[in-house]
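Asker: What follows is the file work-v4.txt, containing compact mmCIF, N, CA and C atoms:
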# COMPACT_ATOMS: atom_id res chain seq x y z
N MET X 663 458.36 135.83 142.69
CA MET X 663 459.30 134.80 142.32
C MET X 663 459.35 134.69 140.80
N ASN X 664 460.52 134.36 140.26
CA ASN X 664 460.67 134.17 138.83
C ASN X 664 460.45 132.70 138.48
N THR X 665 459.75 132.47 137.38
CA THR X 665 459.45 131.11 136.94
C THR X 665 459.68 131.01 135.43
N ALA X 666 459.51 129.82 134.92
CA ALA X 666 459.65 129.58 133.49
C ALA X 666 458.60 130.33 132.67
N ILE X 667 457.51 130.72 133.27
CA ILE X 667 456.46 131.46 132.56
C ILE X 667 456.45 132.94 132.95
N GLY X 668 457.47 133.38 133.67
CA GLY X 668 457.57 134.76 134.10
C GLY X 668 457.34 134.88 135.59
N PRO X 669 457.33 136.12 136.09
CA PRO X 669 457.18 136.31 137.54
C PRO X 669 455.78 135.96 138.05
N LEU X 670 455.77 135.44 139.26
CA LEU X 670 454.53 135.17 139.98
C LEU X 670 454.64 135.85 141.34
N TRP X 671 453.52 136.32 141.85
CA TRP X 671 453.47 136.90 143.17
C TRP X 671 452.60 136.03 144.05
N LEU X 672 453.00 135.89 145.31
CA LEU X 672 452.30 135.02 146.25
C LEU X 672 451.83 135.84 147.45
N ASP X 673 450.70 135.42 148.02
CA ASP X 673 450.17 136.07 149.21
C ASP X 673 449.58 134.98 150.10
N ALA X 674 449.55 135.25 151.40
CA ALA X 674 449.03 134.27 152.36
C ALA X 674 448.48 134.98 153.57
N ASN X 675 447.69 134.25 154.32
CA ASN X 675 447.28 134.73 155.64
C ASN X 675 447.81 133.71 156.65
N ASP X 676 447.30 133.77 157.87
CA ASP X 676 447.81 132.86 158.91
C ASP X 676 447.30 131.43 158.76
N LEU X 677 446.38 131.19 157.82
CA LEU X 677 445.83 129.86 157.63
C LEU X 677 446.38 129.14 156.41
N GLY X 678 446.92 129.91 155.45
CA GLY X 678 447.44 129.28 154.25
C GLY X 678 447.64 130.26 153.12
N LEU X 679 448.08 129.73 152.00
CA LEU X 679 448.27 130.52 150.79
C LEU X 679 446.91 131.03 150.32
N THR X 680 446.83 132.30 149.93
CA THR X 680 445.56 132.86 149.50
C THR X 680 445.57 133.32 148.05
N LYS X 681 446.75 133.53 147.48
CA LYS X 681 446.77 134.04 146.11
C LYS X 681 448.09 133.73 145.43
N VAL X 682 447.96 133.34 144.16
CA VAL X 682 449.07 133.25 143.22
C VAL X 682 448.66 134.17 142.08
N SER X 683 449.51 135.13 141.76
CA SER X 683 449.10 136.12 140.77
C SER X 683 450.18 136.32 139.71
N PHE X 684 449.72 136.62 138.50
CA PHE X 684 450.61 136.98 137.41
C PHE X 684 450.92 138.47 137.45
N GLN X 685 450.32 139.19 138.40
CA GLN X 685 450.53 140.62 138.54
C GLN X 685 450.85 140.93 139.99
N SER X 686 451.54 142.03 140.19
CA SER X 686 451.98 142.42 141.52
C SER X 686 450.80 142.51 142.49
N ILE X 687 451.04 142.08 143.72
CA ILE X 687 450.02 142.12 144.78
C ILE X 687 450.47 143.16 145.81
N GLU X 688 449.64 144.19 146.00
CA GLU X 688 449.97 145.20 147.01
C GLU X 688 449.82 144.60 148.40
N ASN X 689 450.74 144.95 149.27
CA ASN X 689 450.72 144.53 150.68
C ASN X 689 450.68 143.02 150.84
N ALA X 690 451.35 142.30 149.94
CA ALA X 690 451.39 140.84 150.05
C ALA X 690 452.11 140.45 151.34
N LYS X 691 451.58 139.42 151.98
CA LYS X 691 452.16 138.92 153.22
C LYS X 691 453.03 137.71 152.91
N THR X 692 454.26 137.76 153.37
CA THR X 692 455.17 136.63 153.22
C THR X 692 455.22 135.89 154.55
N ASN X 693 455.09 134.57 154.48
CA ASN X 693 455.18 133.75 155.69
C ASN X 693 455.56 132.33 155.29
N ILE X 694 455.39 131.40 156.20
CA ILE X 694 455.80 130.01 155.90
C ILE X 694 455.02 129.44 154.72
N PHE X 695 453.80 129.90 154.50
CA PHE X 695 452.99 129.37 153.41
C PHE X 695 453.49 129.88 152.04
N THR X 696 453.86 131.15 151.97
CA THR X 696 454.40 131.66 150.71
C THR X 696 455.77 131.04 150.45
N GLU X 697 456.55 130.83 151.51
CA GLU X 697 457.86 130.19 151.33
C GLU X 697 457.70 128.75 150.83
N GLN X 698 456.76 128.01 151.42
CA GLN X 698 456.51 126.64 150.98
C GLN X 698 455.99 126.63 149.54
N ALA X 699 455.07 127.55 149.22
CA ALA X 699 454.54 127.61 147.86
C ALA X 699 455.65 127.93 146.85
N ALA X 700 456.52 128.86 147.19
CA ALA X 700 457.63 129.21 146.29
C ALA X 700 458.52 128.00 146.05
N GLN X 701 458.83 127.27 147.10
CA GLN X 701 459.67 126.07 146.95
C GLN X 701 458.97 125.03 146.08
N GLU X 702 457.70 124.79 146.34
CA GLU X 702 456.95 123.80 145.56
C GLU X 702 456.80 124.22 144.10
N LEU X 703 456.60 125.51 143.86
CA LEU X 703 456.50 125.99 142.49
C LEU X 703 457.83 125.85 141.75
N HIS X 704 458.93 126.15 142.45
CA HIS X 704 460.26 125.94 141.83
C HIS X 704 460.43 124.46 141.45
N GLU X 705 460.03 123.56 142.33
CA GLU X 705 460.13 122.13 142.06
C GLU X 705 459.23 121.73 140.89
N TYR X 706 458.03 122.30 140.84
CA TYR X 706 457.10 122.03 139.74
C TYR X 706 457.73 122.43 138.41
N PHE X 707 458.25 123.64 138.35
CA PHE X 707 458.85 124.12 137.10
C PHE X 707 460.14 123.38 136.76
N ALA X 708 460.80 122.80 137.75
CA ALA X 708 462.01 122.00 137.50
C ALA X 708 461.64 120.58 137.08
N GLY X 709 460.36 120.23 137.14
CA GLY X 709 459.91 118.91 136.74
C GLY X 709 460.03 117.85 137.81
N THR X 710 460.23 118.27 139.07
CA THR X 710 460.38 117.29 140.15
C THR X 710 459.18 117.22 141.09
N ARG X 711 458.14 118.02 140.82
CA ARG X 711 456.94 117.99 141.67
C ARG X 711 455.71 117.91 140.79
N GLN X 712 454.79 117.04 141.17
CA GLN X 712 453.53 116.91 140.45
C GLN X 712 452.33 117.37 141.28
N ASN X 713 452.46 117.33 142.58
CA ASN X 713 451.34 117.68 143.47
C ASN X 713 451.79 118.73 144.47
N PHE X 714 450.90 119.65 144.76
CA PHE X 714 451.20 120.70 145.73
C PHE X 714 450.61 120.34 147.08
N THR X 715 451.38 120.58 148.12
CA THR X 715 450.93 120.25 149.47
C THR X 715 450.79 121.48 150.35
N VAL X 716 451.15 122.65 149.83
CA VAL X 716 451.04 123.87 150.62
C VAL X 716 449.57 124.08 151.02
N PRO X 717 449.34 124.34 152.31
CA PRO X 717 447.96 124.66 152.72
C PRO X 717 447.49 125.94 152.04
N PHE X 718 446.25 125.94 151.60
CA PHE X 718 445.69 127.15 150.98
C PHE X 718 444.27 127.35 151.46
N ILE X 719 443.81 128.57 151.25
CA ILE X 719 442.46 128.92 151.68
C ILE X 719 441.86 129.87 150.64
N PHE X 720 440.59 129.70 150.38
CA PHE X 720 439.90 130.62 149.48
C PHE X 720 439.27 131.72 150.34
N GLU X 721 439.86 132.91 150.30
CA GLU X 721 439.34 134.03 151.08
C GLU X 721 438.12 134.65 150.44
N LYS X 722 438.02 134.54 149.14
CA LYS X 722 436.93 135.17 148.40
C LYS X 722 436.27 134.12 147.51
N GLY X 723 435.27 134.56 146.81
CA GLY X 723 434.57 133.67 145.89
C GLY X 723 433.24 133.23 146.45
N THR X 724 432.30 133.04 145.55
CA THR X 724 430.98 132.55 145.96
C THR X 724 431.10 131.08 146.33
N PRO X 725 430.10 130.54 147.01
CA PRO X 725 430.14 129.10 147.30
C PRO X 725 430.28 128.27 146.02
N PHE X 726 429.60 128.68 144.94
CA PHE X 726 429.71 127.95 143.67
C PHE X 726 431.14 128.01 143.15
N GLN X 727 431.75 129.20 143.13
CA GLN X 727 433.12 129.32 142.65
C GLN X 727 434.06 128.44 143.48
N GLN X 728 433.91 128.47 144.77
CA GLN X 728 434.78 127.66 145.63
C GLN X 728 434.60 126.17 145.37
N LYS X 729 433.37 125.77 145.09
CA LYS X 729 433.10 124.37 144.74
C LYS X 729 433.82 124.00 143.44
N VAL X 730 433.79 124.90 142.46
CA VAL X 730 434.50 124.68 141.20
C VAL X 730 435.99 124.59 141.45
N TRP X 731 436.55 125.52 142.23
CA TRP X 731 437.99 125.52 142.49
C TRP X 731 438.43 124.24 143.20
N LYS X 732 437.59 123.75 144.10
CA LYS X 732 437.92 122.48 144.77
C LYS X 732 437.92 121.33 143.76
N ALA X 733 437.01 121.36 142.80
CA ALA X 733 436.98 120.33 141.75
C ALA X 733 438.22 120.43 140.86
N LEU X 734 438.66 121.65 140.55
CA LEU X 734 439.86 121.83 139.75
C LEU X 734 441.08 121.21 140.44
N TYR X 735 441.13 121.37 141.75
CA TYR X 735 442.27 120.88 142.52
C TYR X 735 442.44 119.36 142.39
N THR X 736 441.37 118.67 142.06
CA THR X 736 441.43 117.20 141.97
C THR X 736 441.89 116.69 140.60
N ILE X 737 442.07 117.59 139.63
CA ILE X 737 442.51 117.14 138.30
C ILE X 737 443.97 116.70 138.40
N PRO X 738 444.27 115.45 138.11
CA PRO X 738 445.64 114.96 138.26
C PRO X 738 446.63 115.62 137.31
N PHE X 739 447.86 115.67 137.74
CA PHE X 739 448.98 116.15 136.93
C PHE X 739 449.01 115.40 135.61
N GLY X 740 449.20 116.14 134.52
CA GLY X 740 449.32 115.51 133.21
C GLY X 740 448.00 115.10 132.58
N GLU X 741 446.87 115.45 133.22
CA GLU X 741 445.56 115.14 132.66
C GLU X 741 444.78 116.43 132.49
N THR X 742 443.75 116.37 131.68
CA THR X 742 442.88 117.52 131.50
C THR X 742 441.43 117.09 131.71
N ARG X 743 440.59 118.08 131.88
CA ARG X 743 439.15 117.89 131.95
C ARG X 743 438.51 118.99 131.12
N SER X 744 437.34 118.74 130.60
CA SER X 744 436.62 119.78 129.88
C SER X 744 435.80 120.59 130.88
N TYR X 745 435.34 121.75 130.40
CA TYR X 745 434.45 122.56 131.24
C TYR X 745 433.20 121.77 131.58
N LEU X 746 432.71 120.97 130.65
CA LEU X 746 431.55 120.13 130.91
C LEU X 746 431.86 119.09 131.99
N ASP X 747 433.04 118.49 131.94
CA ASP X 747 433.43 117.53 132.98
C ASP X 747 433.36 118.17 134.37
N ILE X 748 433.86 119.40 134.46
CA ILE X 748 433.84 120.08 135.76
C ILE X 748 432.41 120.41 136.15
N ALA X 749 431.60 120.83 135.19
CA ALA X 749 430.18 121.13 135.48
C ALA X 749 429.48 119.89 136.04
N ILE X 750 429.75 118.75 135.44
CA ILE X 750 429.15 117.50 135.93
C ILE X 750 429.69 117.16 137.31
N ALA X 751 430.99 117.37 137.52
CA ALA X 751 431.62 117.06 138.82
C ALA X 751 431.03 117.87 139.96
N VAL X 752 430.56 119.08 139.66
CA VAL X 752 429.97 119.91 140.72
C VAL X 752 428.45 119.88 140.68
N ASN X 753 427.90 118.88 140.01
CA ASN X 753 426.46 118.67 139.93
C ASN X 753 425.70 119.84 139.32
N SER X 754 426.32 120.48 138.33
CA SER X 754 425.67 121.57 137.60
C SER X 754 425.95 121.41 136.11
N PRO X 755 425.44 120.32 135.50
CA PRO X 755 425.81 120.01 134.12
C PRO X 755 425.43 121.06 133.08
N LYS X 756 424.52 121.95 133.41
CA LYS X 756 424.13 122.99 132.46
C LYS X 756 424.89 124.31 132.70
N ALA X 757 425.80 124.31 133.65
CA ALA X 757 426.48 125.54 134.05
C ALA X 757 427.88 125.66 133.45
N VAL X 758 428.05 125.23 132.22
CA VAL X 758 429.37 125.23 131.60
C VAL X 758 429.96 126.65 131.54
N ARG X 759 429.17 127.62 131.18
CA ARG X 759 429.67 129.01 131.13
C ARG X 759 430.03 129.51 132.51
N ALA X 760 429.24 129.17 133.50
CA ALA X 760 429.55 129.57 134.88
C ALA X 760 430.84 128.91 135.35
N ILE X 761 431.08 127.69 134.89
CA ILE X 761 432.35 127.01 135.22
C ILE X 761 433.51 127.81 134.63
N GLY X 762 433.35 128.24 133.38
CA GLY X 762 434.38 129.05 132.75
C GLY X 762 434.64 130.34 133.51
N GLN X 763 433.58 130.99 133.96
CA GLN X 763 433.73 132.22 134.73
C GLN X 763 434.44 131.96 136.06
N ALA X 764 434.05 130.90 136.74
CA ALA X 764 434.71 130.55 138.01
C ALA X 764 436.17 130.21 137.77
N ASN X 765 436.42 129.48 136.71
CA ASN X 765 437.79 129.09 136.36
C ASN X 765 438.65 130.34 136.16
N SER X 766 438.10 131.35 135.49
CA SER X 766 438.86 132.56 135.21
C SER X 766 439.12 133.40 136.46
N ARG X 767 438.42 133.13 137.52
CA ARG X 767 438.60 133.88 138.77
C ARG X 767 439.37 133.08 139.83
N ASN X 768 439.94 131.97 139.44
CA ASN X 768 440.71 131.13 140.35
C ASN X 768 441.83 131.96 140.98
N PRO X 769 441.84 132.09 142.32
CA PRO X 769 442.87 132.91 142.96
C PRO X 769 444.22 132.19 143.11
N LEU X 770 444.26 130.90 142.78
CA LEU X 770 445.47 130.12 143.00
C LEU X 770 445.89 129.34 141.75
N PRO X 771 446.06 130.04 140.61
CA PRO X 771 446.45 129.30 139.41
C PRO X 771 447.73 128.51 139.64
N ILE X 772 447.86 127.45 138.93
CA ILE X 772 448.93 126.45 138.98
C ILE X 772 448.73 125.55 140.19
N ILE X 773 448.62 126.11 141.40
CA ILE X 773 448.36 125.31 142.61
C ILE X 773 447.00 124.62 142.46
N VAL X 774 445.99 125.39 142.11
CA VAL X 774 444.66 124.88 141.76
C VAL X 774 444.63 124.94 140.23
N PRO X 775 444.86 123.80 139.58
CA PRO X 775 445.26 123.77 138.16
C PRO X 775 444.16 124.07 137.13
N CYS X 776 443.76 125.33 137.07
CA CYS X 776 442.76 125.72 136.08
C CYS X 776 443.29 125.59 134.65
N HIS X 777 444.62 125.52 134.50
CA HIS X 777 445.19 125.34 133.16
C HIS X 777 444.88 123.96 132.59
N ARG X 778 444.43 123.04 133.42
CA ARG X 778 444.11 121.69 132.98
C ARG X 778 442.69 121.56 132.44
N VAL X 779 441.98 122.67 132.34
CA VAL X 779 440.61 122.65 131.82
C VAL X 779 440.65 123.13 130.37
N ILE X 780 440.09 122.30 129.49
CA ILE X 780 440.11 122.58 128.05
C ILE X 780 438.69 122.49 127.50
N GLY X 781 438.54 122.89 126.25
CA GLY X 781 437.24 122.78 125.60
C GLY X 781 436.87 121.32 125.38
N LYS X 782 435.58 121.03 125.25
CA LYS X 782 435.14 119.64 125.10
C LYS X 782 435.65 119.02 123.80
N ASN X 783 436.04 119.86 122.84
CA ASN X 783 436.59 119.36 121.58
C ASN X 783 438.11 119.14 121.67
N GLY X 784 438.66 119.32 122.87
CA GLY X 784 440.08 119.11 123.08
C GLY X 784 440.95 120.32 122.81
N LYS X 785 440.33 121.43 122.42
CA LYS X 785 441.09 122.64 122.12
C LYS X 785 441.40 123.42 123.39
N LEU X 786 442.54 124.10 123.36
CA LEU X 786 442.89 125.00 124.45
C LEU X 786 442.04 126.25 124.32
N VAL X 787 441.34 126.58 125.36
CA VAL X 787 440.51 127.78 125.35
C VAL X 787 440.72 128.52 126.66
N GLY X 788 440.84 129.82 126.57
CA GLY X 788 440.91 130.69 127.72
C GLY X 788 441.94 130.33 128.78
N TYR X 789 442.62 131.34 129.27
CA TYR X 789 443.48 131.18 130.44
C TYR X 789 443.79 132.56 130.97
N LEU X 790 443.69 132.68 132.28
CA LEU X 790 444.03 133.94 132.91
C LEU X 790 445.54 134.11 132.84
N GLY X 791 446.00 135.29 133.04
CA GLY X 791 447.43 135.52 133.00
C GLY X 791 447.73 137.00 132.96
N ARG X 792 448.95 137.32 132.62
CA ARG X 792 449.35 138.71 132.51
C ARG X 792 448.65 139.33 131.30
N SER X 793 448.24 140.55 131.45
CA SER X 793 447.54 141.21 130.34
C SER X 793 448.46 141.38 129.14
N GLU X 794 449.75 141.56 129.36
CA GLU X 794 450.65 141.77 128.23
C GLU X 794 451.10 140.48 127.58
N LEU X 795 450.76 139.36 128.14
CA LEU X 795 451.12 138.07 127.56
C LEU X 795 449.88 137.31 127.13
N ASP X 796 450.07 136.43 126.20
CA ASP X 796 448.97 135.60 125.72
C ASP X 796 448.70 134.50 126.74
N GLY X 797 447.51 134.52 127.34
CA GLY X 797 447.16 133.52 128.34
C GLY X 797 447.21 132.10 127.80
N LEU X 798 446.80 131.92 126.54
CA LEU X 798 446.85 130.58 125.96
C LEU X 798 448.28 130.08 125.81
N SER X 799 449.21 130.98 125.59
CA SER X 799 450.62 130.60 125.52
C SER X 799 451.09 130.07 126.87
N ILE X 800 450.68 130.72 127.94
CA ILE X 800 451.03 130.25 129.29
C ILE X 800 450.40 128.89 129.55
N LYS X 801 449.13 128.75 129.19
CA LYS X 801 448.43 127.49 129.38
C LYS X 801 449.15 126.36 128.63
N LYS X 802 449.54 126.64 127.40
CA LYS X 802 450.24 125.65 126.60
C LYS X 802 451.57 125.28 127.24
N GLN X 803 452.29 126.26 127.76
CA GLN X 803 453.57 125.98 128.43
C GLN X 803 453.37 125.10 129.66
N LEU X 804 452.33 125.38 130.43
CA LEU X 804 452.07 124.58 131.64
C LEU X 804 451.69 123.15 131.27
N LEU X 805 450.86 122.98 130.26
CA LEU X 805 450.48 121.64 129.84
C LEU X 805 451.67 120.90 129.23
N ALA X 806 452.53 121.61 128.52
CA ALA X 806 453.73 120.97 127.96
C ALA X 806 454.66 120.53 129.09
N LEU X 807 454.77 121.35 130.13
CA LEU X 807 455.58 120.99 131.29
C LEU X 807 455.09 119.68 131.91
N GLU X 808 453.79 119.48 131.85
CA GLU X 808 453.19 118.26 132.41
C GLU X 808 453.14 117.13 131.39
N ASN X 809 453.81 117.32 130.25
CA ASN X 809 453.89 116.32 129.19
C ASN X 809 452.53 115.97 128.60
N PHE X 810 451.57 116.92 128.71
CA PHE X 810 450.28 116.66 128.10
C PHE X 810 450.32 116.99 126.61
N ILE X 811 451.02 118.09 126.29
CA ILE X 811 451.18 118.49 124.90
C ILE X 811 452.63 118.86 124.66
N SER X 812 453.03 118.87 123.42
CA SER X 812 454.41 119.28 123.10
C SER X 812 454.42 120.55 122.30
Take the structure in this file and express it as C-alpha cells.

Answerer:
Amino acid sequence: MNTAIGPLWLDANDLGLTKVSFQSIENAKTNIFTEQAAQELHEYFAGTRQNFTVPFIFEKGTPFQQKVWKALYTIPFGETRSYLDIAIAVNSPKAVRAIGQANSRNPLPIIVPCHRVIGKNGKLVGYLGRSELDGLSIKKQLLALENFIS
C-alpha cells in the first residue's frame, strides 16, 4: 500500500496481522486482517484515526521482545516515551539497550508505535525503515503527523 511515508507491505495469518514492512514481503498473505490494517493505516495517514483496532499477533520474537512490543502498543497517540520509560514499564530498568534492540525488531511498526520512543534527553534516536531512506526522517514525519513535533 502507498502511504505518506512511502510504500508499506502487510502480512497476516489466520489469527491477525503479523507484519508491517518498509520492504517487500515474499509470499505475503492478504486477508481480512491486511484489508482492515490497510484501511486503518489510510485513516491514520489522513489524520482521522489515532488508535488501531486490527487484531495482530507476534509470530516471532523472544518473550522479552514481545513484552517490549506490548508496552510500545500502550503509548498513546501524540505522546512519546523514552527507552528508559519502556525499560521501567517492563520491569527491566537496566535493560535500556535491550529495549532499543527489541524496538528495532518490532514486526508491526506504526501499528505498534515504536516511532513514539525517543532518547531520554528528548532527541529523536534510531528508527527502522527502508535502507534507502533515512529512518529518522520517517520517525519525524510520523511524530509530526501526530502533532508531537512540527

Asker: Report the distance between atom CA of Thr692 of chain X and atom C of Leu670 of chain X in Å, rounded to one decimal place.

Answerer: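 Atom CA of Thr692 of chain X sits 11.9 Å away from atom C of Leu670 of chain X.
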
Asker: Might you pull out every residue within 12 Å of Arg778 of chain X, with only C-alpha atoms counted and same-chain residues fewer than 2 positions away left off, and present them as an NGL selection string?

Answerer: :X and (731 or 733-745 or 747-748 or 765 or 771-776 or 780-781 or 784-789 or 798 or 800-811)

Asker: Atom N of Ala708 of chain X and atom C of Ala764 of chain X, how far apart in Å?

Answerer: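 Separating atom C of Ala764 of chain X from atom N of Ala708 of chain X is a distance of 25.7 Å.
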
Asker: Which residues in segment 688-790 of chain X does DSSP call strand (DSSP E or B)? List them as JSON, numbers by chain.

Answerer: {"X": [718, 743, 744, 779, 780]}

Asker: Which one is closest to Leu703 of chain X: X:Arg759, X:Ala690, X:Thr665, X:Gln728? Count only N, CA and C atoms.

Answerer: X:Thr665

Asker: Run DSSP on the backbone and give me the residues of chain X it puts in alpha helix (DSSP H), as a ChimeraX atom specification.

Answerer: /X:694-708,725-735,745-751,758-766,797-807
